[in-house]
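Contents: one structure, followed by commentary.
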Amino acid sequence: MKSEFILIEKMLETICVPMKSKTSNRRGFPAKHRAMTLGQTRGRFNGVVGLSYYSKKYPDLWNEVKRIGDLIAPFEWKSCHLNKNVVCPKHKDDKNATLTCIISFGDYTGCDLIVEEEKQLTYYTPLIFNGAEKEHYNTDDLKGTKYSLVFF
């Protein structure tokens with residue numbers, strides 16, 4: 001599976017994943033973290049559903065994310081969060097009404113995903129679970145650069 005991520009890893013070396021700030025509506029998440037949403041999104045102020053800003057800004061990255069999502073997610077997904085070095089606190093994905101497929105990659109150790117208090121393997125290994133029903137978080141011991149793709 002690792003070989004499927006060679007291209008996206010090269011792409012991400014040339015892209016600055018944007019810094020999110022306190023304007024994030026994710027309660028309990030670090031005030032600043034690097035993330036972007038690719039795929040279908042709903043406009044924050046106008047409510048219009050369409051292709052995300054970052055999908056349009058980075059069309060080659062979006063195409064690669066679609067390729068990976070179609071390869072690993074056995075369900076129809078519409079959006080993908082791309083996270084860089086995000087250590088998330090305990091939470092449930094309240095607004096997510098579908099299954100989630102997550103996979104992580106990069107040159108890192110630590111930052112394990114814990115779902116319902118059980119450590120899960122996501123390093124180049126897709127994990128499918130219902131994030132709205134199951135509490136999940138990352139351990140706070142990241143070393144290196146970790147990317148994750150969260151398809152929903």
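Ligands are numbered from 1 in the order shown, chains are lettered A, B, ... in the order of the structure tokens, and residues start at 1 in each chain.
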Backbone DSSP call of strand (DSSP E) for stretch 16-147 of chain A, listed as a CSV table (one decimal) with C-alpha atoms, in the first residue's frame:
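This went into result04.csv:
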```
chain,number,residue,atom,x,y,z
A,19,MET,CA,-2.9,26.8,9.0
A,20,LYS,CA,-6.3,26.8,10.6
A,33,HIS,CA,-3.4,23.2,13.0
A,34,ARG,CA,-2.7,22.4,9.4
A,35,ALA,CA,-5.6,21.1,7.4
A,36,MET,CA,-7.6,21.5,4.2
A,37,THR,CA,-10.9,20.0,2.8
A,38,LEU,CA,-11.0,18.6,-0.7
A,39,GLY,CA,-14.0,17.5,-2.6
A,40,GLN,CA,-17.5,18.7,-1.9
A,41,THR,CA,-18.1,21.4,0.7
A,42,ARG,CA,-21.0,23.7,1.7
A,49,VAL,CA,-22.6,23.1,-2.2
A,50,GLY,CA,-19.7,22.7,-4.6
A,51,LEU,CA,-16.1,21.8,-5.1
A,79,SER,CA,-15.2,15.0,0.9
A,80,CYS,CA,-11.8,14.4,2.3
A,81,HIS,CA,-9.9,16.2,5.1
A,82,LEU,CA,-6.2,16.3,4.6
A,83,ASN,CA,-4.4,16.9,7.9
A,84,LYS,CA,-0.7,17.6,8.5
A,100,THR,CA,-15.3,7.5,7.8
A,101,CYS,CA,-12.3,6.0,6.1
A,102,ILE,CA,-9.0,7.3,7.5
A,103,ILE,CA,-5.4,6.5,6.4
A,104,SER,CA,-2.1,8.1,7.5
A,105,PHE,CA,1.2,8.3,5.8
A,106,GLY,CA,4.5,10.1,6.0
A,107,ASP,CA,7.8,9.8,7.9
A,108,TYR,CA,6.6,9.8,11.5
A,109,THR,CA,6.1,7.8,14.7
A,113,LEU,CA,-5.4,6.9,16.5
A,114,ILE,CA,-7.5,5.6,19.5
A,115,VAL,CA,-11.1,4.7,18.7
A,118,GLU,CA,-8.5,0.9,21.4
A,119,LYS,CA,-5.3,1.7,19.4
A,120,GLN,CA,-6.0,1.4,15.7
A,127,LEU,CA,-9.5,2.1,8.8
A,128,ILE,CA,-13.3,2.4,8.5
A,129,PHE,CA,-15.5,3.4,11.4
A,136,HIS,CA,-11.7,9.0,18.8
A,137,TYR,CA,-8.4,10.9,19.3
A,138,ASN,CA,-4.7,10.8,18.7
A,143,LYS,CA,7.7,12.8,15.9
A,144,GLY,CA,8.2,13.6,12.3
A,145,THR,CA,5.7,14.6,9.6
A,146,LYS,CA,2.3,12.9,9.6
A,147,TYR,CA,-0.4,13.3,6.9
```
Item to check | alpha helix (DSSP H) residues, from DSSP on the backbone, in chain A, as an MDAnalysis selection string | outcome: chainID A and resid 6:13 53:57 59:72
Item to check | Å distance separating atom CA of A:Pro59 from atom CA of A:Ser3, one decimal place | outcome: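 Interatomic distance here is 21.2 Å.
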Item to check | Coordinates-based distance that separates atom CA of A:Cys88 from atom CA of A:Asp140 (Å, one decimal) | outcome: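 The value is 8.5 Å.
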